[in-house]
Every structure is written in C-alpha cells, then in structure tokens.
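Novice: Could you have a look at this structure, given as structure tokens, before my questions?
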Amino acid sequence: MNASDLLGTDPGWIILVKGLLIFVFCVVCTLLAIWAERRWVSFMQQRVGPNRTGKFGLLQSLADGVKLALKEDLIPKAADRIVFIIAPIISATTCFMSFAVIPFTGNVNLFGHKTLMQLTDIPVGVLYVLAIASVGVYGIVLAGWSSGSTYPLLGGLRSSAQVISYEVAMGLSLVAVFIYSGSMSTSDIVAAQHHWWFSVVLFPSFVIYAISMVGETNRAPFDLAEAEGELVGGFHTEYSSLKFALFFLAEYVNIVGVSALATTLFMGGYHAIPGLTFTESWLGGWFTMVWFVIKLIGFFFFFVWLRGTLPRMRYDQFMKFGWKVLIPSSLFWILVVSTLRVMSQRNENRMVIAGFTVGIVLIIVAITSFYESAKRKQAILDEVGEFPEPSFPVPAIPNIAISQSAISQNAKEQIHD
Amino acid sequence: MTDITPRGDEFGLAKASADSTPIPDQEPSGFFKQLLGFWVTFVTMFKKPNTVQYPEVKEPTAPRFHGRHQLNRHPDGLEKCIGCELCAWACPADAILVEGANNTADEQFSPGERYGRVYQINYARCIFCGLCIEACPTRALTMTNEYELADDERSKLIFEKEDLLAPLRQGMLMPPHPMYPDSTDTTYYRGEVPGSHPSQETTSHA
C-alpha cells in the first residue's frame, strides 16, 4: 500500500489533527530556529547570544514575540490600508501551506489509525510547493508597494525580482530529481531514495538547489531585500507590532520549509542514514521523524553558517550569478542527466555511457580553461588601459608613471606570448 | 631631536610612495581559499566567548575612565569648588549649571571668598569629554569610574550638588564651618591643611 492510498483512507478528524500538528511544528520550529540562529551566530562571533530568558535563553523568541504583539501598531498615512494589512497575512499563510505535502514520517500509528505524517500527497506535490512559494512573493511585493514609502518599495521590488529569478534555478534543479524518481509526488521521491540519496546521485542539482533556496528565502548572503545599509529594513520598514511579527514568522517558516523540501528531495526525507535503517522501526515508526528533524537542523545550520561567514552580495553580482551561472549550468546538467537516463533505460552498452560521461567532463574542462585564459587576458588589458591625454598641463606623479610603464610593458609582453 | 620638516624626496608623501610596494592583485583568490572563511567561523564556535556577564560580573574600568563627576573636599571638609563657573563655560554640551555665592563668617563652605551654591550636572546632556575637569582651577571637579547612570526619567538624570559631593572622610567636618585656624585660602591650595581642627567644629551641623 503506497502513501497516497494510505492517506486516502484518513478520516476527517485525522486530517484536522495532522493540520494542527503541522502548524504547531512550524511555529515551534520558528521559535527555536530564531533562538538557535542567534546563539550559533553568537558563537561564531565569540559571543554568547541570548542566555537570560529561560534555560539557555530558550524562551527568548517567545518573549520577543509577546513584546512585538504588545507594541503599538502603526499604519503610515501614505499607506494603502487594506493592502498594507493583507500583505503580511499572505506571507504568513502561504509559508505554512507548503508543509502539507512534506512527509515527516514513514508509516505510523496516529491515535489508533494507520497513516503517515503527511497531510496530503498530490501527484504534483513539488510543483505545488513551488506554486505556493510564488504566491508568497505577493506578500513581499504588496507590502513594499502599499507602504507608500520609497525604501520599502525598492526592497519589495528587489525581493520579488530575486525570488522570481532564483525560483527558475530552483525549478530547474528539481527537474533532475523528477527525471530520476519518475514522479513529482514527494512520497514517491522519498521512496525512490531508499538506496541512494539524490544529494549523492544528483550532486550538481543538490548544490544548485542549496544555493537557490538561500536566494529564495531572502537570507544572507542574498538578503538584499533588507540590506540595512541601503534600504533601512527593506519591504518591512513601515511595519510594526504583530504585522512585523508575521513577516518574521514567515521568513523563518520559509527557511524551515525549503529545508524540509531539501531534506525530502535530496537527503532521503525521513529515512535513516545508510547503515542505521533498523532505527526506522523504533517507536512504532515515529523515530523516522527524528531523522527528518536531524536533517532539517543540518540544513538550518547551513543557513546560519552562511550568514555568519559570508558578506552580503552586491545586487548586480547576485543577479548575474543567478541568470548567467546557475540557470545555464542547471540546463546543461539536466541535458546530461536526461541523456544518461534515456541511455540507461534503453540498456545501452556500458562503454557508450562511460564514453558519454568522459566526453561531458572533457567539454566542461575545455570550456573552463578557455574561459579562464580569456578572463586573464581581459584582466591584463583592463589593467593597462589607455591613459587619456589631459588637455591641460598636469604635474607628473612621481614613481607611479614609471611603474605604470613597467606594468604595461610587462603586460604587452605577456599578450604577445 | 629629529628634524621632521620634509626635505626633497626622502621624506613625506614622496618617500611613502617610493617605499610602498605595489598593491597586490585585487582579483579574488582561488575558490577553495575562499572557503577557508567557513572554517574560521566554524572553529570560532568552539572558542571561549569574550562576553562578560555584566550585571553579575563587573570588571573594573580603565583607571582613567570618564565616569560620574565628583566635587572634592579639602582635608578638613571644606568644599574645593569656588563657584567660578569655568567648568560650565568649558562644557561643550551645556550640561553644567553653577551659581556661586559669597562665603560669610557664619557660613563658610569653601576657603576664600566664594563657593558654589548651586551645582548641577545634567547627565542627559553630558558627553563625558572631561573638559570641565581640565577647566577646574582648584581640582574641585574630577571624574570617578562610576558608569551605572541609567535611569527611567530625565529629571532624575540632573544631579544636584549633594549627589556630586565627595563623602566626608576621616577627619572631615560637614561645612559650613570656619577655616582652619591661622590659614588663608592659599594655605589650603598649597595642601598645608592636614585635616580638621577642634576649633572648627560648629554646633549648627555637628
């Protein structure tokens, strides 16, 4: 009996219970994630972080949430009131919706009913997640637009451009997963990884997904939408009190969401790591959720580690990276994967497959080395440049003129080589 | 003493530019070299944090830390402040208010003619620059190392003379009281007054 058959027998009350559990899981995850992020980033900066509210400061985000809720709620005069109120609601509701198709456990017993911890299993589950993520962008765009202020507008625009661009790369990185698992349903994808995780088999896809999920969630080093130095707070500059809290909640639930999707699609979902598969039957199958959460925490740590290490990218570099590097390389990778897939399905000669792989590697090496040498030549040309002859007399700059001529001579020799 | 005037090319900017090595290649280093940053943050996680758990643990400040002001006293308890207002005039933040008054034979607060009748420092304005201390001609005003000055109301941040005056130490008497026998203000400033004398004790404040 596969997952969708099993889920099909769920009575209404089980679905309600599951929905509630997912909601609670997300909120608790958010509270803990905010705390964990602040602590981990602190450790990376040799600080201790919040450690006063509750044991190890565990209640810090709860206290912050209460504080935010009790604060004065301001709506700017220039704001479009209705849209201004709707925007955070869109953000905060859509972020929860993608969890509906995430399988948290294998077969378990929930209040005497045999089921698995997944709200629903639709045949196009992953597409549904992508679609929901796109709707979530509306929250950001509308928030920026309705604030009636310049910085939020710019932040909202940036953020929407960013999310849309990186969604393309994200979608493309998932194509290889669909090709290999032969399905878009999350439970089938998890089942297809029973032996080999797709993060190993489809490593380039995994890397592209990992990068684009950071861009997708507006997180450092891609948090251009809220670049404090440029845009104050970005799209949520004008928000306060509970509405701001909703955006904050949405950001963290989104992080947990993309991490959960990464776990499901690339890290074998709720399956144990190879070699420990016997643990999957512990606690009547509920132990699989522990594996799921461990993987989730791993991804979240990756997010925090990135934030603690990398400086924010410049906007043009970021866009260039998305459109000129991630998307073309994903397209190329999909081409390779689908060719290999077709070959193996037709039972081609192993020599042919090996030859194809070697050929691809050779092409990549050739392109890379060609690109590198072209870049080096361009760099030398840029450095030498042409000094414009000024139309007025200027004093000679001591030493610099000499070294300049030395450099240019040197560079010319290199070019002639 | 070395001559610091620039002469020809061997000094100043010309020398600096001649000495300087060319700026190294600004291109980013190799990909794997850049990944070293991740190692740095990861290793730092296991280092001992620098944080001081402040309200519980209080580390001493630097000896010359600019903290709350103090109005000092002469060894017999008379105030050193003469109400000259030089501190108030020196203050760039306009945080000090002084009103001087004449010492009388009945009420002698400081040696000499004048004393500071009103002395206020507004810590909502003070920037702790220490110019008042430099301006004070009698060393009446100095700064302590006390830094816990936060409060929940602006009016509480205006410190009066009583808040700023140094406590009475051994051998000091609470002014007003007469000056040390056979002394002038000059004697006081020279530090020739050892402490209070029994004849200085008055009934009014004893």
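As shown in the structure tokens, the chain order sets the letters A, B, ...; within each chain, residues go from 1, and ligands are also counted from 1 in the order they appear.
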Considering only C-alpha atoms, return as a PyMOL selection string whatever protein or nucleic-acid residues lie within 10 Å of Ile122 in chain A, sequence-local ones (same chain, fewer than 5 positions apart) excluded.

Specialist: chain A and resi 4+100-101+127-128+184-187

Novice: Please tabulate, as CSV, the residues of chain B that come within 7 Å of chain A, each with its closest pair of atoms and the distance in Å to one decimal, counting only C-alpha atoms and ordering rows by chain, then residue number upward.

Specialist:
```
residue,atom,partner,partner_atom,distance
B:Ala18,CA,A:Asn399,CA,6.4
B:Gly37,CA,A:Thr309,CA,6.3
B:Phe38,CA,A:Thr309,CA,5.9
B:Thr41,CA,A:Met44,CA,5.0
B:Phe42,CA,A:Met44,CA,6.5
B:Thr44,CA,A:Met44,CA,5.1
B:Met45,CA,A:Phe43,CA,4.5
B:Lys47,CA,A:Gln46,CA,6.7
B:Lys48,CA,A:Gln46,CA,6.7
B:Pro49,CA,A:Gln46,CA,4.3
B:Asn50,CA,A:Gln46,CA,6.0
B:Thr51,CA,A:Arg47,CA,5.5
```

Novice: Counting only C-alpha atoms, which residue out of A:Gly171, A:Gly234, A:Pro103, A:Pro221 sits closest to Ser147 in chain A?

Specialist: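 Looking only at the distances to Ser147 in chain A, the closest residue turns out to be A:Gly234.
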
Novice: Report as an mmCIF file with N, CA and C atoms, in the first residue's frame: the residues of range 12-118 of chain B with a DSSP assignment of strand (DSSP E or B), based on the backbone of this structure.

Specialist:
```cif
data_model
loop_
_atom_site.group_PDB
_atom_site.id
_atom_site.type_symbol
_atom_site.label_atom_id
_atom_site.label_comp_id
_atom_site.auth_asym_id
_atom_site.auth_seq_id
_atom_site.Cartn_x
_atom_site.Cartn_y
_atom_site.Cartn_z
ATOM 1 N N HIS B 69 30.838 62.554 37.734
ATOM 2 C CA HIS B 69 31.703 63.571 38.329
ATOM 3 C C HIS B 69 31.673 63.498 39.842
ATOM 4 N N GLN B 70 32.663 64.157 40.443
ATOM 5 C CA GLN B 70 32.684 64.251 41.896
ATOM 6 C C GLN B 70 33.207 65.625 42.266
ATOM 7 N N LEU B 71 32.584 66.256 43.283
ATOM 8 C CA LEU B 71 33.079 67.539 43.799
ATOM 9 C C LEU B 71 33.907 67.232 45.040
ATOM 10 N N ARG B 73 36.687 67.657 48.302
ATOM 11 C CA ARG B 73 36.761 68.478 49.519
ATOM 12 C C ARG B 73 38.212 68.635 49.928
ATOM 13 N N GLU B 79 34.576 72.616 50.939
ATOM 14 C CA GLU B 79 34.486 72.266 49.518
ATOM 15 C C GLU B 79 35.592 72.958 48.741
ATOM 16 N N ILE B 96 26.344 71.735 32.476
ATOM 17 C CA ILE B 96 26.648 72.116 33.855
ATOM 18 C C ILE B 96 26.030 73.474 34.170
ATOM 19 N N LEU B 97 25.425 73.560 35.331
ATOM 20 C CA LEU B 97 24.892 74.835 35.818
ATOM 21 C C LEU B 97 25.537 75.122 37.169
ATOM 22 N N VAL B 98 26.173 76.314 37.300
ATOM 23 C CA VAL B 98 26.795 76.692 38.565
ATOM 24 C C VAL B 98 26.291 78.072 38.941
ATOM 25 N N GLU B 99 25.935 78.214 40.210
ATOM 26 C CA GLU B 99 25.661 79.551 40.724
ATOM 27 C C GLU B 99 26.529 79.750 41.951
ATOM 28 N N GLY B 100 27.412 80.721 41.881
ATOM 29 C CA GLY B 100 28.296 80.985 43.015
ATOM 30 C C GLY B 100 27.617 81.886 44.032
ATOM 31 N N ALA B 101 28.162 81.909 45.247
ATOM 32 C CA ALA B 101 27.662 82.819 46.285
ATOM 33 C C ALA B 101 28.829 83.156 47.207
ATOM 34 N N ASN B 102 28.652 84.213 48.012
ATOM 35 C CA ASN B 102 29.721 84.623 48.907
ATOM 36 C C ASN B 102 29.708 83.786 50.176
ATOM 37 N N ARG B 114 34.400 82.821 47.734
ATOM 38 C CA ARG B 114 33.192 82.335 47.071
ATOM 39 C C ARG B 114 33.060 80.811 47.157
ATOM 40 N N TYR B 115 31.852 80.343 47.006
ATOM 41 C CA TYR B 115 31.616 78.908 46.938
ATOM 42 C C TYR B 115 30.501 78.658 45.930
ATOM 43 N N GLY B 116 30.382 77.403 45.520
ATOM 44 C CA GLY B 116 29.332 77.067 44.562
ATOM 45 C C GLY B 116 28.045 76.764 45.306
ATOM 46 N N ARG B 117 27.063 77.691 45.204
ATOM 47 C CA ARG B 117 25.824 77.477 45.950
ATOM 48 C C ARG B 117 24.950 76.433 45.250
ATOM 49 N N VAL B 118 24.853 76.589 43.923
ATOM 50 C CA VAL B 118 24.098 75.604 43.131
ATOM 51 C C VAL B 118 25.094 74.915 42.208
#
```

Novice: CA of Gly125 in chain A to CA of Ala245 in chain A: how many Å, to one decimal?

Specialist: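 Calculated distance between CA of Gly125 in chain A and CA of Ala245 in chain A is 28.7 Å.
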
Novice: Give me the residues near Ala105 in chain B as a list in words, where near means some atom within 9 Å (using only C-alpha atoms) and where sequence neighbours in that chain fewer than 2 positions away do not count.

Specialist: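 Counting only C-alpha atoms, the residues come to Asn103, Glu107, Gln108, His177 and Pro178 of chain B.
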
Novice: Do you know which residues are at most 10 Å from Phe65 in chain B counting only C-alpha atoms, after dropping those on the same chain fewer than 3 positions away, and could you put them as a list in words?

Specialist: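 Those residues are Pro60, Thr61, Ala62, Arg68, Phe128, Met143, Thr144, Asn145, Glu146 and Tyr147 of chain B.
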
Novice: Separation of CA of Asn254 in chain A and CA of Val141 in chain A, in Å?

Specialist: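 Between CA of Asn254 in chain A and CA of Val141 in chain A the gap is 16.1 Å.
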
Novice: For Ser183 in chain B, find every residue with an atom within 10 Å (counting only C-alpha atoms), except residues of its own chain fewer than 6 positions away, and show them as a PyMOL selection string.

Specialist: chain B and resi 111+192-193

Novice: At what distance in Å, to one decimal, does CA of Leu149 in chain B lie from CA of Gln120 in chain B?

Specialist: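 CA of Gln120 in chain B sits 14.9 Å away from CA of Leu149 in chain B.
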